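Trainee: Let me give you the structure first, and then I'll get to my questions.
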Amino acid sequence: MKRVLITGLGAVSPHGVGAGKIYSSVVAGRSAIGEAPDYIRDYLPDAIAGVVPDCVEEVVKKFKFGNHDRATQFALIAADEAVADADLLLDEERVLHAGVAVGTGMGGAATLDATFKRLYKDGNSRLHPASIARSMANGPAAWLSMRYGLRASGLTYCAACSSSAAALGESYRLIKHGYVDVMLVVGTEAILAPGPFLAWHALHILAPRHADGVSTSCRPFAVDRAGLVLSEGAAAVVLESADSADDRGKQPYAEFVGYATTTDAHHITQPASGGQISAMRQSLDDAGMSPDEIGYINAHGTATRTGDAVEANSIKHMFANCGNPPSVSSTKSMHGHLLGASGALEFMLTVFALHHRQIPPTLHLDEVDPDCAGLDFVPHQSRTMDRLTAAMSNSFAFGGSNVSLVVRDWPL
Amino acid sequence: MSDTYEIIKTHLAEIIGVDERVLDDDTQTLLDIGVDSLLMVEFAFELEQKFNIRIDDSLPMEKMTLREVCEYIDDLLRPSVTAGMDGQ
């Protein structure tokens, strides 16, 4: 079995462009939740969202990404940063053993939305010929493979909010079992278009704007939480075998040591504790670790009434016998829910937290919901944890797809 | 050289990422200069939007030079004789 290391990180999110910048913002407890774009508020005047700031347009122009769907643009921006961060030399030999995996929940939803608007609203049946190429869910993976010449596995994982967590886990296994040396893993999502947004709104699980201000509207585990906030962006992670990193003297951020995925077989939207507990337990088994060794969990924590309560109880059950239970936070309180991209973004934040020994807070947690109580949720402010040596990132999705990922210090 | 030609040349050079001077060779078809099948339909669509015209789906653009495409578009843009007579 190969050991798997994390050697490159990149991201674009409502906090801006740049993995380090995003982590700093989250650790500083800055919320990036704001007003939804005007073209959504035309339909829902009070809509709120986590919107990638306009500065991304400069990057799109610089790299001539303008002809892509927004989800592909995000993926390319995040991946460029991660590949540069990893100092990867992708020569002719290496690309044969390097692949790409993408996780996305709704693929090119914005392109499809624009296409259908042209047809049904504008009455124009002459549709853009690139509509399919731009909107197909595996478009980002295809463009990433072409950009870097990656010739090994190139798959796209679609498992709602667990999509990119699954992409990370499956890529970890590919390296661990020796099928590839390097994987570029990207989670990307761009669903802030009228059709997709209103479809989510129809589910009655989106948070209304909070009286304390729009930026405080996503309140995971709080007694007054009222739903999730839709968001957009991408995160990219370079995974590499320890042999590969050693050969070129690359120091990793951390070691990727555990992964498990389970399915609830229960309900299309309602979570179930049993599947979540199994995912966490199996990921620890895979890592060869005991629950006591986990110091921090980046929770799925979307701020829905049911989801948070079920997850909190799953974590409590899983870590019930720990002398020193892990700290738990939901960074969605600051960046919102990036759906298929959330797993990769939160994994990245978990890796940074481990690397810097500084865990991000759960913002706006003035009063913990009694249904979630019994865990240390790191309210309001980040926390320094000098003895943090291992952490977990959970993604528990619609459809009952559960993924737990475990990372550990890499010996210096 | 018509305005149409200059506009389209600049646009096509941007789409396929080549220097505009490459497109001045009158012996090269669009296929010869690297416009693949997907780029071809995208290019036709962009021309329709830009000039508010409808290009015949059966037009073999891949076998045409840029100048021939421009002449085709100029023909579409030229007011018809009938329209001119109606205006008198």
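Ligands are numbered from 1 in the order shown, chains are lettered A, B, ... in the order of the structure tokens, and residues start at 1 in each chain.
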Got a sec to pull out which chain B residues are within 10 Å of chain A, counting only C-alpha atoms, and send them as a list of chain:residue names?
Mentor: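 Written out as asked, the residues are B:Ile15, B:Leu38, B:Leu39, B:Met40, B:Val41, B:Glu42, B:Phe43, B:Ala44, B:Phe45, B:Glu46, B:Glu48, B:Arg54.
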Trainee: If you count only C-alpha atoms, which residues fall within 10 Å of Ser2 in chain B, apart from same-chain ones fewer than 2 positions away, as a VMD selection string?
Mentor: chain B and resid 4 to 7 67 70 to 71 74
Trainee: How about saving the chosen residues, C-alpha atoms kept, as a tab-separated table (two decimals), in the first residue's frame?
Mentor:
chain	number	residue	atom	x	y	z
B	4	THR	CA	-17.69	42.24	-42.90
B	5	TYR	CA	-14.39	40.57	-43.77
B	6	GLU	CA	-12.39	42.55	-41.21
B	7	ILE	CA	-14.97	41.99	-38.46
B	67	ARG	CA	-13.53	35.27	-48.02
B	70	CYS	CA	-17.88	36.74	-45.97
B	71	GLU	CA	-19.35	36.94	-49.47
B	74	ASP	CA	-22.70	40.04	-47.47
Trainee: Would you list the contacts of Asn324 in chain A as a list of chain:residue names, taking every protein, DNA or RNA residue within 10 Å and counting only C-alpha atoms, but skipping same-chain residues closer than 2 positions in sequence?
Mentor: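 Contacts, in chain order: A:Pro291, A:Asp292, A:Glu293, A:Ile294, A:Gly295, A:Phe319, A:Ala320, A:Asn321, A:Cys322, A:Pro326, A:Ser327.
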Trainee: For C-alpha atoms, I'd like the residues from the last selection saved as an mmCIF file, in the first residue's frame.
Mentor:
data_model
loop_
_atom_site.group_PDB
_atom_site.id
_atom_site.type_symbol
_atom_site.label_atom_id
_atom_site.label_comp_id
_atom_site.auth_asym_id
_atom_site.auth_seq_id
_atom_site.Cartn_x
_atom_site.Cartn_y
_atom_site.Cartn_z
ATOM 1 C CA PRO A 291 -11.650 7.959 17.809
ATOM 2 C CA ASP A 292 -9.471 9.423 20.564
ATOM 3 C CA GLU A 293 -6.905 10.487 17.990
ATOM 4 C CA ILE A 294 -9.253 12.863 16.148
ATOM 5 C CA GLY A 295 -8.868 16.383 17.510
ATOM 6 C CA PHE A 319 -17.045 9.704 19.924
ATOM 7 C CA ALA A 320 -19.047 8.894 23.076
ATOM 8 C CA ASN A 321 -16.264 7.008 24.804
ATOM 9 C CA CYS A 322 -13.476 9.447 24.067
ATOM 10 C CA PRO A 326 -12.971 16.316 19.188
ATOM 11 C CA SER A 327 -13.810 19.947 18.603
#
Trainee: Hey, which of A:Met183, A:Ala287, A:Ala303, A:Ala397 ends up closest to Glu170 in chain A? Count only C-alpha atoms.
Mentor: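 Among the listed residues, the smallest separation from Glu170 in chain A belongs to A:Met183.
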Trainee: Could you pull the residues within 9 Å of Glu367 in chain A, counting only C-alpha atoms, minus those fewer than 3 positions along the same chain, as a list in words?
Mentor: Phe221, Ala222, Val223, Asp224, His364 and Pro370 of chain A
Trainee: May I have all residues of range 116-342 of chain A that DSSP, computed from the backbone, assigns to strand (DSSP E or B), given as a ChimeraX atom specification?
Mentor: /A:154-157,159,161,182-189,206,222,228,230-231,233-241,254-263,296-298,327-329,337
Trainee: So that I can check the surroundings of Ala110 in chain A, please list as a PDB file with N, CA and C atoms, in the first residue's frame every protein, DNA and RNA residue that reaches within 9 Å of it, counting only C-alpha atoms and ignoring chain neighbours fewer than 6 positions away.
Mentor:
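Generated output (out-v8.pdb):
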ATOM      1  N   ASP A  69     -18.418  27.124 -19.063  1.00  0.00           N
ATOM      2  CA  ASP A  69     -19.416  27.278 -18.012  1.00  0.00           C
ATOM      3  C   ASP A  69     -18.703  27.780 -16.744  1.00  0.00           C
ATOM      4  N   ARG A  70     -19.454  28.472 -15.906  1.00  0.00           N
ATOM      5  CA  ARG A  70     -18.858  29.057 -14.687  1.00  0.00           C
ATOM      6  C   ARG A  70     -18.248  27.976 -13.777  1.00  0.00           C
ATOM      7  N   ALA A  71     -18.849  26.803 -13.732  1.00  0.00           N
ATOM      8  CA  ALA A  71     -18.293  25.728 -12.897  1.00  0.00           C
ATOM      9  C   ALA A  71     -16.918  25.300 -13.413  1.00  0.00           C
ATOM     10  N   SER A 135     -22.233  22.294 -20.651  1.00  0.00           N
ATOM     11  CA  SER A 135     -23.049  21.916 -19.493  1.00  0.00           C
ATOM     12  C   SER A 135     -22.828  20.491 -19.016  1.00  0.00           C
ATOM     13  N   ALA A 190     -21.499  25.826  -9.537  1.00  0.00           N
ATOM     14  CA  ALA A 190     -21.925  27.183  -9.930  1.00  0.00           C
ATOM     15  C   ALA A 190     -23.413  27.145 -10.252  1.00  0.00           C
ATOM     16  N   ILE A 191     -24.220  27.195  -9.220  1.00  0.00           N
ATOM     17  CA  ILE A 191     -25.658  27.039  -9.423  1.00  0.00           C
ATOM     18  C   ILE A 191     -26.444  28.307  -9.105  1.00  0.00           C
ATOM     19  N   LEU A 192     -25.731  29.432  -9.031  1.00  0.00           N
ATOM     20  CA  LEU A 192     -26.452  30.665  -8.725  1.00  0.00           C
ATOM     21  C   LEU A 192     -27.054  31.255  -9.997  1.00  0.00           C
ATOM     22  N   ALA A 193     -27.984  30.514 -10.551  1.00  0.00           N
ATOM     23  CA  ALA A 193     -28.757  30.936 -11.724  1.00  0.00           C
ATOM     24  C   ALA A 193     -30.235  30.822 -11.319  1.00  0.00           C
ATOM     25  N   PRO A 194     -31.105  31.596 -11.957  1.00  0.00           N
ATOM     26  CA  PRO A 194     -32.500  31.640 -11.489  1.00  0.00           C
ATOM     27  C   PRO A 194     -33.175  30.272 -11.365  1.00  0.00           C
ATOM     28  N   GLY A 195     -33.081  29.442 -12.396  1.00  0.00           N
ATOM     29  CA  GLY A 195     -33.773  28.146 -12.358  1.00  0.00           C
ATOM     30  C   GLY A 195     -33.325  27.264 -11.210  1.00  0.00           C
ATOM     31  N   PRO A 196     -32.019  26.945 -11.134  1.00  0.00           N
ATOM     32  CA  PRO A 196     -31.547  26.104 -10.035  1.00  0.00           C
ATOM     33  C   PRO A 196     -31.835  26.716  -8.664  1.00  0.00           C
TER      34      PRO A 196
END
Trainee: Taking only range 66-211 of chain A into account, list the residues labelled helix (DSSP H, G or I) by DSSP (computed from the backbone), as a short mmCIF file (atom, residue, chain, number, x, y, z; two decimals) with C-alpha atoms, in the first residue's frame.
Mentor:
data_model
loop_
_atom_site.label_atom_id
_atom_site.label_comp_id
_atom_site.auth_asym_id
_atom_site.auth_seq_id
_atom_site.Cartn_x
_atom_site.Cartn_y
_atom_site.Cartn_z
CA ARG A 70 -18.86 29.06 -14.69
CA ALA A 71 -18.29 25.73 -12.90
CA THR A 72 -15.44 24.93 -15.30
CA GLN A 73 -14.00 28.42 -14.87
CA PHE A 74 -13.92 27.94 -11.11
CA ALA A 75 -12.35 24.49 -11.49
CA LEU A 76 -9.58 25.80 -13.75
CA ILE A 77 -8.77 28.71 -11.44
CA ALA A 78 -8.59 26.50 -8.34
CA ALA A 79 -6.60 23.81 -10.15
CA ASP A 80 -4.02 26.24 -11.51
CA GLU A 81 -3.29 27.36 -7.98
CA ALA A 82 -3.09 23.81 -6.60
CA VAL A 83 -0.82 22.56 -9.38
CA ALA A 84 1.51 25.54 -8.90
CA ASP A 85 1.41 25.06 -5.13
CA ARG A 94 4.57 11.66 -15.18
CA VAL A 95 1.31 12.55 -16.97
CA LEU A 96 0.81 8.87 -17.81
CA HIS A 97 0.48 8.18 -14.09
CA ALA A 109 -26.51 24.03 -14.43
CA ALA A 110 -26.10 27.73 -15.28
CA THR A 111 -25.48 26.95 -18.94
CA LEU A 112 -28.55 24.72 -19.07
CA ASP A 113 -30.58 27.43 -17.36
CA ALA A 114 -29.50 30.00 -19.95
CA THR A 115 -30.19 27.55 -22.77
CA PHE A 116 -33.70 26.77 -21.58
CA LYS A 117 -34.43 30.46 -20.95
CA ARG A 118 -33.51 31.21 -24.56
CA LEU A 119 -35.82 28.46 -25.76
CA TYR A 120 -38.84 28.77 -23.46
CA LYS A 121 -38.78 32.40 -22.40
CA SER A 131 -24.54 24.20 -24.83
CA ILE A 132 -23.90 20.49 -24.40
CA ALA A 133 -20.12 20.75 -24.26
CA ARG A 134 -20.37 23.49 -21.66
CA SER A 135 -23.05 21.92 -19.49
CA GLY A 139 -16.77 19.06 -18.75
CA PRO A 140 -14.53 20.38 -15.95
CA ALA A 141 -12.63 17.06 -15.73
CA ALA A 142 -12.12 17.07 -19.49
CA TRP A 143 -10.79 20.63 -19.56
CA LEU A 144 -8.52 19.96 -16.59
CA SER A 145 -7.05 16.87 -18.23
CA MET A 146 -6.39 18.88 -21.41
CA ARG A 147 -4.88 21.82 -19.55
CA TYR A 148 -2.27 19.70 -17.76
CA SER A 163 -19.53 14.74 -4.65
CA SER A 164 -16.05 16.16 -4.21
CA ALA A 165 -15.51 14.36 -0.90
CA ALA A 166 -16.15 11.13 -2.82
CA ALA A 167 -13.79 12.32 -5.59
CA LEU A 168 -11.11 12.84 -2.95
CA GLY A 169 -11.71 9.47 -1.33
CA GLU A 170 -11.75 7.49 -4.56
CA SER A 171 -8.59 9.27 -5.72
CA TYR A 172 -6.91 8.46 -2.41
CA ARG A 173 -7.72 4.81 -3.04
CA LEU A 174 -6.32 4.94 -6.58
CA ILE A 175 -3.00 6.16 -5.23
CA LYS A 176 -3.03 3.95 -2.16
CA PRO A 194 -32.50 31.64 -11.49
CA GLY A 195 -33.77 28.15 -12.36
CA PRO A 196 -31.55 26.10 -10.03
CA PHE A 197 -31.84 28.66 -7.24
CA LEU A 198 -35.64 28.74 -7.36
CA ALA A 199 -35.73 24.95 -7.47
CA TRP A 200 -33.71 24.88 -4.23
CA HIS A 201 -35.96 27.56 -2.79
#
Trainee: Just give me the gap between CA of Lys9 in chain B and CA of Asp36 in chain B in Å, one decimal is fine.
Mentor: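 Answer for the CA of Lys9 in chain B to CA of Asp36 in chain B separation: 16.4 Å.
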Trainee: Give me, please, the distance in Å between CA of Thr10 in chain B and CA of Lys63 in chain B, quoted to one decimal.
Mentor: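 About the pair CA of Thr10 in chain B and CA of Lys63 in chain B: they are 19.7 Å apart.
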